[in-house]
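Engineer: Contents of model-v3.txt (compact mmCIF, C-alpha atoms) are below:
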# COMPACT_ATOMS: atom_id res chain seq x y z
CA MET L 4 47.49 16.14 79.89
CA GLU L 5 50.00 13.91 78.15
CA TRP L 6 51.07 12.57 74.80
CA GLN L 7 53.68 10.19 73.47
CA GLY L 8 55.40 10.24 70.14
CA GLN L 9 58.59 11.13 68.35
CA GLY L 10 60.23 14.48 67.87
CA MET L 11 63.29 15.98 66.25
CA VAL L 12 65.51 18.10 68.49
CA ILE L 13 65.77 21.67 67.25
CA ALA L 14 67.27 23.28 70.36
CA SER L 15 67.95 22.82 74.04
CA ARG L 16 69.04 25.34 76.59
CA PRO L 17 70.14 24.85 80.19
CA HIS L 18 67.61 25.40 82.93
CA GLY L 19 69.08 25.42 86.42
CA GLU L 20 71.93 23.05 87.15
CA HIS L 21 70.66 19.80 85.72
CA ALA L 22 67.62 20.34 83.52
CA VAL L 23 67.17 21.74 80.02
CA ILE L 24 64.28 23.32 78.17
CA LEU L 25 64.00 21.03 75.18
CA ASP L 26 62.57 22.29 71.90
CA VAL L 27 61.44 19.61 69.46
CA LEU L 28 59.59 19.47 66.17
CA THR L 29 56.94 16.76 66.16
CA PRO L 30 55.07 15.26 63.19
CA GLU L 31 51.61 15.80 64.64
CA ARG L 32 51.87 18.71 67.06
CA GLY L 33 54.39 21.07 65.49
CA ARG L 34 57.05 22.66 67.62
CA TYR L 35 56.81 21.70 71.27
CA ALA L 36 58.86 22.69 74.30
CA GLY L 37 59.15 21.13 77.72
CA LEU L 38 61.41 20.70 80.70
CA LEU L 39 63.68 17.68 80.57
CA ARG L 40 65.07 16.84 83.98
CA GLY L 41 68.66 15.58 83.90
CA GLY L 42 69.08 16.98 80.39
CA GLN L 43 72.54 18.32 81.23
CA SER L 44 73.78 14.95 82.46
CA ARG L 45 76.58 13.09 80.72
CA ARG L 46 74.14 10.48 79.54
CA MET L 47 71.46 12.81 78.17
CA ALA L 48 73.36 15.84 76.85
CA PRO L 49 74.86 14.06 73.80
CA LEU L 50 71.41 12.86 72.77
CA LEU L 51 69.98 16.36 72.65
CA GLN L 52 71.93 17.57 69.63
CA PRO L 53 69.84 19.21 66.91
CA GLY L 54 68.56 16.80 64.28
CA ASN L 55 68.43 13.75 66.54
CA ILE L 56 65.13 11.88 66.72
CA LEU L 57 63.81 11.16 70.20
CA SER L 58 61.02 9.02 71.58
CA LEU L 59 59.16 11.45 73.80
CA ALA L 60 56.53 11.48 76.47
CA TRP L 61 55.19 14.92 77.44
CA ARG L 62 53.17 15.46 80.56
CA ALA L 63 51.62 18.49 82.30
CA ARG L 64 48.78 19.10 84.67
CA LEU L 65 47.21 21.72 82.39
CA GLU L 66 47.41 22.00 78.61
CA ASP L 67 48.98 25.47 78.58
CA GLN L 68 51.77 24.65 81.04
CA LEU L 69 55.34 24.14 79.86
CA GLY L 70 55.20 20.48 80.89
CA THR L 71 57.97 17.94 81.30
CA PHE L 72 59.50 15.55 78.82
CA THR L 73 60.95 12.12 79.25
CA ALA L 74 63.11 11.26 76.29
CA GLU L 75 64.97 8.36 74.76
CA LEU L 76 67.14 8.40 71.66
CA GLN L 77 65.48 6.85 68.64
CA ARG L 78 67.93 7.91 65.93
CA ASP L 79 71.26 9.70 66.05
CA ARG L 80 71.61 12.01 63.11
CA ALA L 81 73.77 14.86 64.38
CA GLY L 82 76.94 12.80 64.82
CA ARG L 83 77.17 11.96 61.15
CA LEU L 84 76.31 15.47 59.94
CA MET L 85 78.86 17.07 62.25
CA ALA L 86 81.72 15.39 60.42
CA ASP L 87 81.40 17.66 57.40
CA ARG L 88 81.48 21.44 57.53
CA ARG L 89 78.79 22.00 54.92
CA MET L 90 76.43 19.44 56.38
CA LEU L 91 77.08 20.88 59.83
CA ALA L 92 76.26 24.35 58.53
CA GLY L 93 73.12 22.93 56.91
CA LEU L 94 72.04 21.22 60.11
CA ALA L 95 72.65 24.39 62.12
CA ALA L 96 70.73 26.49 59.57
CA VAL L 97 67.74 24.10 59.53
CA SER L 98 67.50 23.79 63.31
CA GLY L 99 68.20 27.51 63.79
CA LEU L 100 65.49 28.55 61.33
CA LEU L 101 62.95 26.12 62.78
CA ALA L 102 63.59 27.48 66.26
CA HIS L 103 63.50 31.01 64.89
CA ALA L 104 60.40 30.81 62.75
CA LEU L 105 57.97 28.19 64.02
CA PRO L 106 55.38 29.21 66.58
CA GLU L 107 54.93 26.73 69.41
CA ARG L 108 52.22 24.09 69.23
CA LEU L 109 51.11 25.03 65.73
CA HIS L 110 51.04 22.07 63.39
CA LEU L 111 52.19 23.07 59.92
CA PRO L 112 51.57 20.08 57.64
CA GLY L 113 54.64 18.76 55.87
CA ILE L 114 57.28 20.76 57.73
CA TYR L 115 58.40 17.89 59.95
CA GLU L 116 58.55 15.48 57.02
CA ARG L 117 60.41 17.91 54.74
CA SER L 118 62.89 18.85 57.46
CA SER L 119 63.54 15.23 58.27
CA GLU L 120 63.95 14.27 54.61
CA LEU L 121 66.37 17.13 54.06
CA LEU L 122 68.60 16.11 56.97
CA ASP L 123 68.50 12.49 55.78
CA LEU L 124 69.50 13.59 52.30
CA MET L 125 72.60 15.48 53.42
CA PRO L 126 74.98 12.53 53.78
CA LEU L 127 73.68 10.96 50.56
CA THR L 128 74.26 13.63 47.93
CA PRO L 129 76.00 17.01 47.62
CA ALA L 130 72.83 18.19 45.84
CA TRP L 131 71.17 18.59 49.24
CA THR L 132 71.90 22.31 48.99
CA LEU L 133 69.20 22.57 46.31
CA ALA L 134 66.86 20.62 48.58
CA TYR L 135 67.68 23.13 51.32
CA LEU L 136 66.57 25.98 49.05
CA ARG L 137 63.29 24.18 48.35
CA TRP L 138 62.88 23.54 52.06
CA GLU L 139 63.11 27.29 52.74
CA LEU L 140 60.49 27.93 50.06
CA ALA L 141 58.26 25.30 51.68
CA LEU L 142 58.81 26.86 55.10
CA LEU L 143 57.79 30.29 53.78
CA GLU L 144 54.72 28.77 52.16
CA ALA L 145 53.74 26.87 55.30
CA LEU L 146 54.02 30.09 57.29
CA GLY L 147 51.72 31.83 54.83
CA TYR L 148 54.30 33.77 52.84
CA GLY L 149 54.73 31.58 49.78
CA LEU L 150 56.40 33.17 46.75
CA GLU L 151 54.65 33.28 43.40
CA LEU L 152 57.38 32.63 40.90
CA ASP L 153 55.57 31.07 37.96
CA ARG L 154 54.34 34.21 36.19
CA CYS L 155 55.16 37.90 35.92
CA ALA L 156 53.27 40.04 38.39
CA VAL L 157 53.12 42.90 35.84
CA ARG L 158 52.50 41.23 32.48
CA GLY L 159 51.12 37.86 33.53
CA THR L 160 53.52 35.98 31.22
CA ASN L 161 55.90 33.24 32.28
CA GLU L 162 58.75 34.21 29.93
CA ASP L 163 62.11 35.65 30.92
CA LEU L 164 61.31 35.81 34.62
CA CYS L 165 64.45 37.24 36.22
CA PHE L 166 63.44 39.12 39.35
CA VAL L 167 61.26 38.94 42.44
CA SER L 168 59.44 41.89 43.92
CA PRO L 169 60.80 42.41 47.46
CA ARG L 170 57.39 43.64 48.55
CA THR L 171 54.96 41.11 47.09
CA GLY L 172 57.16 38.04 46.59
CA ARG L 173 55.95 37.72 42.99
CA ALA L 174 58.10 37.16 39.92
CA VAL L 175 58.86 40.00 37.53
CA SER L 176 60.07 39.57 33.94
CA ARG L 177 63.12 41.38 32.58
CA GLN L 178 61.00 43.59 30.30
CA ALA L 179 58.59 44.52 33.06
CA ALA L 180 61.40 45.28 35.49
CA GLY L 181 62.87 48.00 33.26
CA GLU L 182 64.70 50.63 35.25
CA TRP L 183 63.51 49.10 38.53
CA ALA L 184 65.68 46.04 38.05
CA ASP L 185 68.30 47.16 40.56
CA ARG L 186 65.65 47.40 43.27
CA LEU L 187 64.35 43.87 42.70
CA LEU L 188 65.62 40.60 44.11
CA PRO L 189 67.32 38.00 41.90
CA LEU L 190 65.33 35.05 40.55
CA PRO L 191 67.89 32.44 39.48
CA ASP L 192 66.70 29.34 37.61
CA CYS L 193 67.08 27.10 40.67
CA LEU L 194 64.52 29.21 42.50
CA LYS L 195 62.05 28.49 39.69
CA GLY L 196 62.62 24.78 40.25
CA GLN L 197 64.59 24.38 37.03
CA GLY L 198 67.09 21.61 37.57
CA PRO L 199 70.40 21.36 39.40
CA ALA L 200 72.46 24.46 40.08
CA PRO L 201 75.94 25.37 41.30
CA ASP L 202 76.24 26.43 44.92
CA GLU L 203 76.90 30.05 43.97
CA GLU L 204 73.51 30.20 42.23
CA ILE L 205 71.82 28.59 45.21
CA ALA L 206 73.46 31.18 47.47
CA LEU L 207 72.00 33.88 45.21
CA ALA L 208 68.56 32.30 45.51
CA LEU L 209 68.96 32.19 49.30
CA VAL L 210 69.43 35.96 49.28
CA THR L 211 65.89 36.20 47.93
CA THR L 212 64.34 33.70 50.37
CA GLY L 213 66.35 35.32 53.18
CA HIS L 214 64.75 38.68 52.40
CA PHE L 215 61.28 37.25 52.91
CA LEU L 216 62.26 35.30 56.00
CA GLN L 217 63.62 38.52 57.45
CA ARG L 218 60.66 40.58 56.35
CA HIS L 219 57.76 38.33 57.22
CA VAL L 220 58.78 35.79 59.83
CA PRO L 221 58.71 37.21 63.35
CA PRO L 222 61.39 35.71 65.56
CA GLN L 223 59.96 33.38 68.19
CA ARG L 224 62.85 33.98 70.56
CA SER L 225 64.44 37.13 71.96
CA GLY L 226 63.78 39.34 68.95
CA GLN L 227 66.82 38.15 67.01
CA ALA L 228 67.11 38.60 63.28
CA ILE L 229 67.53 35.48 61.14
CA PRO L 230 69.93 33.09 62.90
CA ALA L 231 73.60 33.57 62.08
CA SER L 232 73.86 29.85 61.28
CA ARG L 233 71.89 30.45 58.08
CA ALA L 234 74.18 33.30 57.08
CA ARG L 235 77.14 30.98 57.60
CA LEU L 236 75.65 28.36 55.26
CA VAL L 237 74.98 31.02 52.61
CA GLU L 238 78.57 32.24 52.98
CA LEU L 239 79.96 28.71 52.55
CA LEU L 240 77.89 28.24 49.40
CA ARG L 241 78.85 31.65 48.05
CA ARG L 242 82.52 30.85 48.47
CA GLY L 243 81.92 27.46 46.87
CA MET L 244 83.62 25.74 49.77
CA PRO L 245 83.57 21.97 49.47
CA GLY L 246 82.49 19.77 52.35
CA ARG L 247 85.43 19.02 54.54
CA ALA L 248 85.91 17.02 57.66
CA ALA L 249 86.88 18.73 60.89
CA PRO L 250 90.57 19.70 60.97
CA ALA L 251 92.79 16.76 61.85
CA MET R 100 57.36 31.29 117.47
CA SER R 101 60.14 30.23 115.13
CA ALA R 102 63.76 31.05 115.96
CA LYS R 103 65.40 32.40 112.81
CA PRO R 104 69.19 32.47 112.49
CA PRO R 105 70.82 35.89 112.91
CA ALA R 106 70.61 38.11 109.84
CA SER R 107 74.32 37.78 108.94
CA ILE R 108 74.16 33.98 109.04
CA ASP R 109 70.91 34.01 107.11
CA ALA R 110 72.58 36.16 104.46
CA LEU R 111 75.49 33.72 104.27
CA ILE R 112 73.09 30.80 103.83
CA GLU R 113 71.28 32.67 101.10
CA LEU R 114 74.53 33.37 99.25
CA LEU R 115 75.85 29.83 99.58
CA ALA R 116 72.53 28.45 98.34
CA LYS R 117 73.19 30.20 95.03
CA LEU R 118 76.33 28.15 94.38
CA PRO R 119 76.21 25.26 91.91
CA GLY R 120 75.37 21.99 93.64
CA LEU R 121 73.99 23.66 96.75
CA GLY R 122 70.44 24.42 97.72
CA PRO R 123 69.02 26.10 100.86
CA ARG R 124 69.18 22.89 102.90
CA SER R 125 72.79 22.02 102.00
CA ALA R 126 73.76 25.69 102.42
CA ARG R 127 72.39 25.62 105.98
CA ARG R 128 74.41 22.48 106.70
CA ALA R 129 77.55 24.05 105.26
CA VAL R 130 77.12 27.20 107.34
CA LEU R 131 76.55 25.21 110.54
CA HIS R 132 79.67 23.20 109.73
CA LEU R 133 81.69 26.38 109.15
CA VAL R 134 80.49 28.03 112.33
CA ALA R 135 81.28 24.91 114.34
CA ARG R 136 84.83 24.85 112.92
CA ARG R 137 85.52 28.53 113.02
CA SER R 138 89.29 28.48 113.36
CA GLN R 139 90.02 25.48 111.11
CA LEU R 140 87.60 26.37 108.29
CA LEU R 141 85.66 29.60 108.58
CA HIS R 142 88.59 32.02 109.06
CA PRO R 143 90.86 30.40 106.42
CA LEU R 144 87.93 30.25 104.00
CA ALA R 145 87.07 33.91 104.58
CA GLU R 146 90.72 34.91 104.09
CA ALA R 147 91.06 32.81 100.95
CA MET R 148 87.88 34.28 99.50
CA THR R 149 88.96 37.82 100.31
CA GLU R 150 92.29 37.24 98.59
CA VAL R 151 90.73 35.64 95.52
CA ALA R 152 88.16 38.43 95.31
CA ALA R 153 90.96 40.98 95.39
CA THR R 154 93.35 39.31 92.97
CA ALA R 155 91.52 36.94 90.59
CA ARG R 156 91.11 38.23 87.06
CA GLU R 157 91.18 37.09 83.49
CA CYS R 158 94.62 36.56 81.93
CA LEU R 159 95.04 39.32 79.36
CA ASN R 160 96.70 36.91 76.94
CA CYS R 161 94.71 33.68 77.04
CA GLY R 162 91.57 34.25 79.12
CA ASN R 163 92.58 31.79 81.86
CA ILE R 164 91.99 32.73 85.49
CA ALA R 165 95.02 34.53 86.88
CA THR R 166 96.03 36.53 89.90
CA GLY R 167 98.03 38.99 87.84
CA ASP R 168 97.83 40.35 84.32
CA LEU R 169 99.14 37.05 82.96
CA CYS R 170 98.44 33.51 84.14
CA PRO R 171 101.27 31.11 85.18
CA ILE R 172 101.01 29.23 81.89
CA CYS R 173 101.52 32.36 79.80
CA LEU R 174 104.41 33.43 82.07
CA ASP R 175 106.16 30.07 81.70
CA ASP R 176 108.72 30.26 78.85
CA ARG R 177 108.93 26.47 78.67
CA ARG R 178 105.35 26.44 77.41
CA ALA R 179 106.14 28.64 74.41
CA THR R 180 106.18 25.58 72.15
CA GLY R 181 104.41 27.21 69.24
CA GLN R 182 101.24 25.27 70.03
CA ILE R 183 98.02 26.85 71.27
CA CYS R 184 95.13 24.72 72.47
CA VAL R 185 91.76 26.46 72.07
CA VAL R 186 89.20 25.52 74.74
CA GLU R 187 85.67 26.66 75.47
CA ASP R 188 86.11 27.65 79.11
CA VAL R 189 88.50 27.51 82.05
CA ALA R 190 87.03 24.19 83.25
CA ASP R 191 88.15 22.64 79.95
CA LEU R 192 91.62 24.14 80.39
CA TRP R 193 91.85 22.58 83.84
CA ALA R 194 90.70 19.24 82.41
CA MET R 195 93.50 19.39 79.80
CA GLU R 196 96.02 20.28 82.49
CA ARG R 197 94.88 17.37 84.67
CA GLY R 198 95.65 15.06 81.76
CA GLY R 199 99.18 16.47 81.66
CA ALA R 200 99.57 15.53 77.99
CA PHE R 201 99.80 19.04 76.58
CA GLY R 202 102.83 21.25 77.09
CA GLY R 203 101.85 24.34 75.12
CA ARG R 204 99.69 27.34 75.87
CA TYR R 205 95.95 27.83 75.78
CA HIS R 206 93.33 30.18 74.50
CA VAL R 207 90.02 30.31 76.37
CA LEU R 208 87.08 31.39 74.21
CA GLY R 209 84.55 31.81 77.00
CA GLY R 210 81.82 30.00 75.05
CA THR R 211 80.96 28.82 71.56
CA LEU R 212 79.20 30.38 68.62
CA SER R 213 75.49 29.94 69.15
CA ALA R 214 72.89 31.07 66.68
CA LEU R 215 70.02 30.68 69.12
CA ASP R 216 71.73 32.57 71.93
CA ALA R 217 73.07 35.17 69.49
CA VAL R 218 76.70 34.54 70.42
CA GLY R 219 78.83 35.70 67.50
CA PRO R 220 82.58 35.74 66.79
CA GLU R 221 82.95 39.16 68.34
CA ASP R 222 81.58 37.85 71.65
CA LEU R 223 84.38 35.28 71.85
CA GLY R 224 88.07 36.06 72.05
CA LEU R 225 88.67 35.33 68.37
CA PRO R 226 90.38 38.56 67.27
CA ARG R 227 92.83 38.12 70.18
CA LEU R 228 93.52 34.56 69.04
CA ALA R 229 94.29 35.82 65.53
CA ASP R 230 96.72 38.37 67.01
CA ARG R 231 98.48 35.67 69.03
CA ILE R 232 99.21 33.65 65.89
CA GLU R 233 101.59 36.42 64.78
CA THR R 234 103.00 37.63 68.07
CA GLU R 235 103.78 34.19 69.53
CA GLN R 236 104.91 32.57 66.26
CA VAL R 237 102.32 29.84 66.58
CA THR R 238 102.88 26.77 64.40
CA GLU R 239 99.79 24.82 65.41
CA VAL R 240 96.38 25.63 66.83
CA ILE R 241 94.69 22.62 68.43
CA LEU R 242 90.92 22.96 68.70
CA ALA R 243 89.71 21.17 71.84
CA LEU R 244 86.04 22.08 71.56
CA GLY R 245 82.98 20.02 72.39
CA ALA R 246 81.59 17.51 69.89
CA THR R 247 78.34 19.45 69.74
CA VAL R 248 76.78 21.35 66.86
CA ASP R 249 77.81 24.67 68.41
CA GLY R 250 81.30 23.41 69.35
CA GLN R 251 82.03 22.07 65.88
CA THR R 252 80.56 25.16 64.20
CA THR R 253 83.01 27.21 66.25
CA ALA R 254 85.84 24.86 65.29
CA HIS R 255 85.09 25.26 61.59
CA TYR R 256 84.81 29.03 61.97
CA ILE R 257 88.23 29.23 63.62
CA SER R 258 89.67 26.87 61.04
CA ASP R 259 88.42 29.16 58.25
CA MET R 260 89.64 32.26 60.08
CA LEU R 261 93.17 30.89 60.46
CA ASP R 262 93.30 29.18 57.06
CA GLY R 263 96.75 29.61 55.55
CA ARG R 264 98.18 31.33 58.62
CA THR R 265 99.01 28.27 60.70
CA ARG R 266 98.26 24.58 61.00
CA VAL R 267 94.85 23.94 62.57
CA THR R 268 94.02 20.56 64.10
CA SER R 269 91.30 19.25 66.35
CA LEU R 270 91.03 16.58 69.00
CA ALA R 271 90.06 13.14 67.71
CA LYS R 272 86.57 11.80 68.35
CA GLY R 273 85.97 8.17 69.13
CA VAL R 274 86.01 5.39 71.68
CA PRO R 275 86.86 6.62 75.19
CA VAL R 276 89.44 4.78 77.28
CA GLY R 277 87.61 1.99 79.09
CA GLY R 278 84.61 2.35 76.79
CA GLU R 279 82.75 -0.48 75.10
CA LEU R 280 81.33 -0.22 71.60
CA ASP R 281 77.96 -1.55 72.70
CA TYR R 282 77.39 1.56 74.80
CA LEU R 283 78.49 4.11 72.20
CA ASP R 284 76.04 6.16 70.18
CA ASP R 285 75.94 5.81 66.38
CA GLY R 286 77.60 9.17 65.74
CA THR R 287 80.60 8.36 67.93
CA ILE R 288 81.07 4.98 66.28
CA ALA R 289 80.89 6.62 62.83
CA ALA R 290 83.42 9.28 63.90
CA ALA R 291 85.73 6.66 65.41
CA LEU R 292 85.59 4.59 62.25
CA ALA R 293 86.34 7.62 60.08
CA ALA R 294 89.34 8.51 62.30
CA ARG R 295 90.71 4.94 62.50
CA THR R 296 94.47 4.55 62.61
CA ARG R 297 96.83 1.88 61.34
CA LEU R 298 98.30 -0.41 64.01
What does the file become when written as structure tokens?
Structural biologist:
Amino acid sequence: MEWQGQGMVIASRPHGEHAVILDVLTPERGRYAGLLRGGQSRRMAPLLQPGNILSLAWRARLEDQLGTFTAELQRDRAGRLMADRRMLAGLAAVSGLLAHALPERLHLPGIYERSSELLDLMPLTPAWTLAYLRWELALLEALGYGLELDRCAVRGTNEDLCFVSPRTGRAVSRQAAGEWADRLLPLPDCLKGQGPAPDEEIALALVTTGHFLQRHVPPQRSGQAIPASRARLVELLRRGMPGRAAPA
Amino acid sequence: MSAKPPASIDALIELLAKLPGLGPRSARRAVLHLVARRSQLLHPLAEAMTEVAATARECLNCGNIATGDLCPICLDDRRATGQICVVEDVADLWAMERGGAFGGRYHVLGGTLSALDAVGPEDLGLPRLADRIETEQVTEVILALGATVDGQTTAHYISDMLDGRTRVTSLAKGVPVGGELDYLDDGTIAAALAARTRL
């Protein structure tokens, strides 16, 4: 069994003295893992940073074996994103969530493209944080837990939608919420897809998406909760911290 | 019939084979070499290992390897320069010391923050680093962490943690000595360009 194609690094972990288990997200085959011999070498290790695009060849004797990769760098993306603390936090959150949430070898249409577009957008505009929020919504939808935020779950109207039911993921209007409002999740305008928003509002929206990621998405590795890298991004946005280069 | 080595030698081979860089074959060669040079190598090695096993421990102050409660660097008053260099592990500390360009003290984290491996701030020696800022009147913390996503995430975390308490700097990233631009990756060239200096 073998295939060739490109893949975006989402994680790598040492295996023995020289090799790594490389986790990549591919456009056609979803998340794929394999052994990369020499992955800890001086030449290879810098190429295996999350976000980088590799040219890959995967080979195994049987389809369900782990298999081995050979890899070559196609595009370096991590180096540029690492220079800014917010972009770095974004990169770590994206790669962490992909590794956390995506089952292996399950192709979810659009996830590779959206993830790649988001990482490409980061150096171009500070508004990438809003794109990150939409990426999380798309990830939830692709995993089968899309939120229904266009009409009230109780009254069926689309006016004054302010909350999300933590159980069903459906919008609830202010009138329908009544005394239950304090038990519901916030539904800021940016979560409804209504235009640009300050980072604090995006952080509020991420509380809502975070609830559903936590509730519905089973961790693919070691039973961890949502990766801490996502919490760090939310914290940076909540504090309104501007992007800043590494201390110098 | 196959003649196996005596059990004690077999056990030694098995243990040596677990060391980095050694496998069963090289471990067998090493053991044969040691046995053949018993007085020059085997006895001194056994004594040295016994002593290290009895005395080696983590420096209570910085996390370096020491043979007492404090390592020689922390005991040396001349190194109380007000600068602390934060490194990921002891191998990095030794690399800095080989360079001989740094005259201050160190702080060894023992790893980096890693979301996938669930390594959080409490797993590293960060509270102890914060304490040292006050007790040692530190004027500058130099972050000498890897240019990896995890290394830089840790650097930013420490920078935020110490914000306003002391000056925090990090090692520059760019063209290595003897390096040629043609062989550098895009990220390193971008970082080197951003950190360019006036001649």
Engineer: Please, what distance in Å, to one decimal, runs between CA of Ala95 in chain L and CA of Trp6 in chain L?
Structural biologist: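 If I compute the distance from CA of Ala95 in chain L to CA of Trp6 in chain L, I get 27.7 Å.
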Engineer: Kindly provide, as a short mmCIF file (atom, residue, chain, number, x, y, z; two decimals) with C-alpha atoms, in the coordinates of the input, the residues of chain R having any atom no farther than 7 Å from an atom of chain L, counting all atoms listed in the file.
Structural biologist:
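Result file is out.cif:
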data_model
loop_
_atom_site.label_atom_id
_atom_site.label_comp_id
_atom_site.auth_asym_id
_atom_site.auth_seq_id
_atom_site.Cartn_x
_atom_site.Cartn_y
_atom_site.Cartn_z
CA PRO R 119 76.21 25.26 91.91
CA ALA R 214 72.89 31.07 66.68
CA LEU R 215 70.02 30.68 69.12
CA THR R 247 78.34 19.45 69.74
CA VAL R 248 76.78 21.35 66.86
CA GLN R 251 82.03 22.07 65.88
CA HIS R 255 85.09 25.26 61.59
CA VAL R 267 94.85 23.94 62.57
CA THR R 268 94.02 20.56 64.10
CA SER R 269 91.30 19.25 66.35
CA ASP R 285 75.94 5.81 66.38
CA GLY R 286 77.60 9.17 65.74
CA THR R 287 80.60 8.36 67.93
CA ALA R 289 80.89 6.62 62.83
#
Engineer: Restricting the calculation to only C-alpha atoms, which member of L:Pro169, L:Gly113, L:Gly198, L:Gly159 is positioned closest to Leu142 in chain L?
Structural biologist: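 Answer, going by the shortest atom-to-atom distance: L:Gly113.
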Engineer: Any idea what the distance is between CA of Arg264 in chain R and CA of Cys184 in chain R?
Structural biologist: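 Atom-to-atom, CA of Arg264 in chain R and CA of Cys184 in chain R are spaced 15.6 Å apart.
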Engineer: Can you pull out every residue within 12 Å of Glu31 in chain L, counting all atoms listed in the file, but drop anything in the same chain fewer than 2 positions away, and send it as a list in words?
Structural biologist: Trp6, Gln7, Gly8, Gln9, Gly10, Met11, Val27, Leu28, Thr29, Gly33, Arg34, Tyr35, Arg108, Leu109, His110, Leu111, Pro112, Gly113, Ile114, Tyr115 and Glu116 of chain L
Engineer: Just how far from CA of Leu59 in chain L is CA of Ala74 in chain L, in Å to one decimal?
Structural biologist: 4.7 Å
Engineer: Counting all atoms listed in the file, find the residues whose atoms lie at most 6 Å from (70.3, 32.3, 40.9) (file coordinates) and write them out as a list in words.
Structural biologist: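 Protein and nucleic acid residues near the point are Leu190, Pro191, Asp192, Glu204, Ile205, Leu207 and Ala208 of chain L.
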Engineer: Any chance you can output those residues with C-alpha atoms as an mmCIF file, in the frame of the given file?
Structural biologist:
data_model
loop_
_atom_site.group_PDB
_atom_site.id
_atom_site.type_symbol
_atom_site.label_atom_id
_atom_site.label_comp_id
_atom_site.auth_asym_id
_atom_site.auth_seq_id
_atom_site.Cartn_x
_atom_site.Cartn_y
_atom_site.Cartn_z
ATOM 1 C CA LEU L 190 65.330 35.050 40.550
ATOM 2 C CA PRO L 191 67.890 32.440 39.480
ATOM 3 C CA ASP L 192 66.700 29.340 37.610
ATOM 4 C CA GLU L 204 73.510 30.200 42.230
ATOM 5 C CA ILE L 205 71.820 28.590 45.210
ATOM 6 C CA LEU L 207 72.000 33.880 45.210
ATOM 7 C CA ALA L 208 68.560 32.300 45.510
#
Engineer: Considering only C-alpha atoms, state which residue in the set L:Gly37, L:Asp202, L:Val12, L:Leu101 is at the smallest distance from Leu146 in chain L.
Structural biologist: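 Of L:Gly37, L:Asp202, L:Val12, L:Leu101, the one nearest Leu146 in chain L, counting only C-alpha atoms, is L:Leu101.
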Engineer: Any idea what's packed within 7 Å of Asp249 in chain R, counting all atoms listed in the file, ignoring anything in its chain fewer than 2 positions away? Could you give it as an MDAnalysis selection string?
Structural biologist: chainID R and resid 211:213 247 251:253
Engineer: Please check which residues have atoms at most 9 Å from (59.6, 44.3, 42.2) in the file's coordinates, counting all atoms listed in the file, and write them as a ChimeraX atom specification.
Structural biologist: /L:156,166-175,180,183-184,186-188
Engineer: Store the residues picked out above, limited to C-alpha atoms, as a short mmCIF file (atom, residue, chain, number, x, y, z; two decimals), keeping the file's coordinate frame.
Structural biologist:
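Generated file (result.cif):
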data_model
loop_
_atom_site.label_atom_id
_atom_site.label_comp_id
_atom_site.auth_asym_id
_atom_site.auth_seq_id
_atom_site.Cartn_x
_atom_site.Cartn_y
_atom_site.Cartn_z
CA ALA L 156 53.27 40.04 38.39
CA PHE L 166 63.44 39.12 39.35
CA VAL L 167 61.26 38.94 42.44
CA SER L 168 59.44 41.89 43.92
CA PRO L 169 60.80 42.41 47.46
CA ARG L 170 57.39 43.64 48.55
CA THR L 171 54.96 41.11 47.09
CA GLY L 172 57.16 38.04 46.59
CA ARG L 173 55.95 37.72 42.99
CA ALA L 174 58.10 37.16 39.92
CA VAL L 175 58.86 40.00 37.53
CA ALA L 180 61.40 45.28 35.49
CA TRP L 183 63.51 49.10 38.53
CA ALA L 184 65.68 46.04 38.05
CA ARG L 186 65.65 47.40 43.27
CA LEU L 187 64.35 43.87 42.70
CA LEU L 188 65.62 40.60 44.11
#
Engineer: Rank nothing, just name the residue among L:Ala179, L:Val237, L:Ala145, L:Leu121 nearest to Thr160 in chain L, using all atoms listed in the file.
Structural biologist: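 Nearest candidate to Thr160 in chain L out of L:Ala179, L:Val237, L:Ala145, L:Leu121: L:Ala179.
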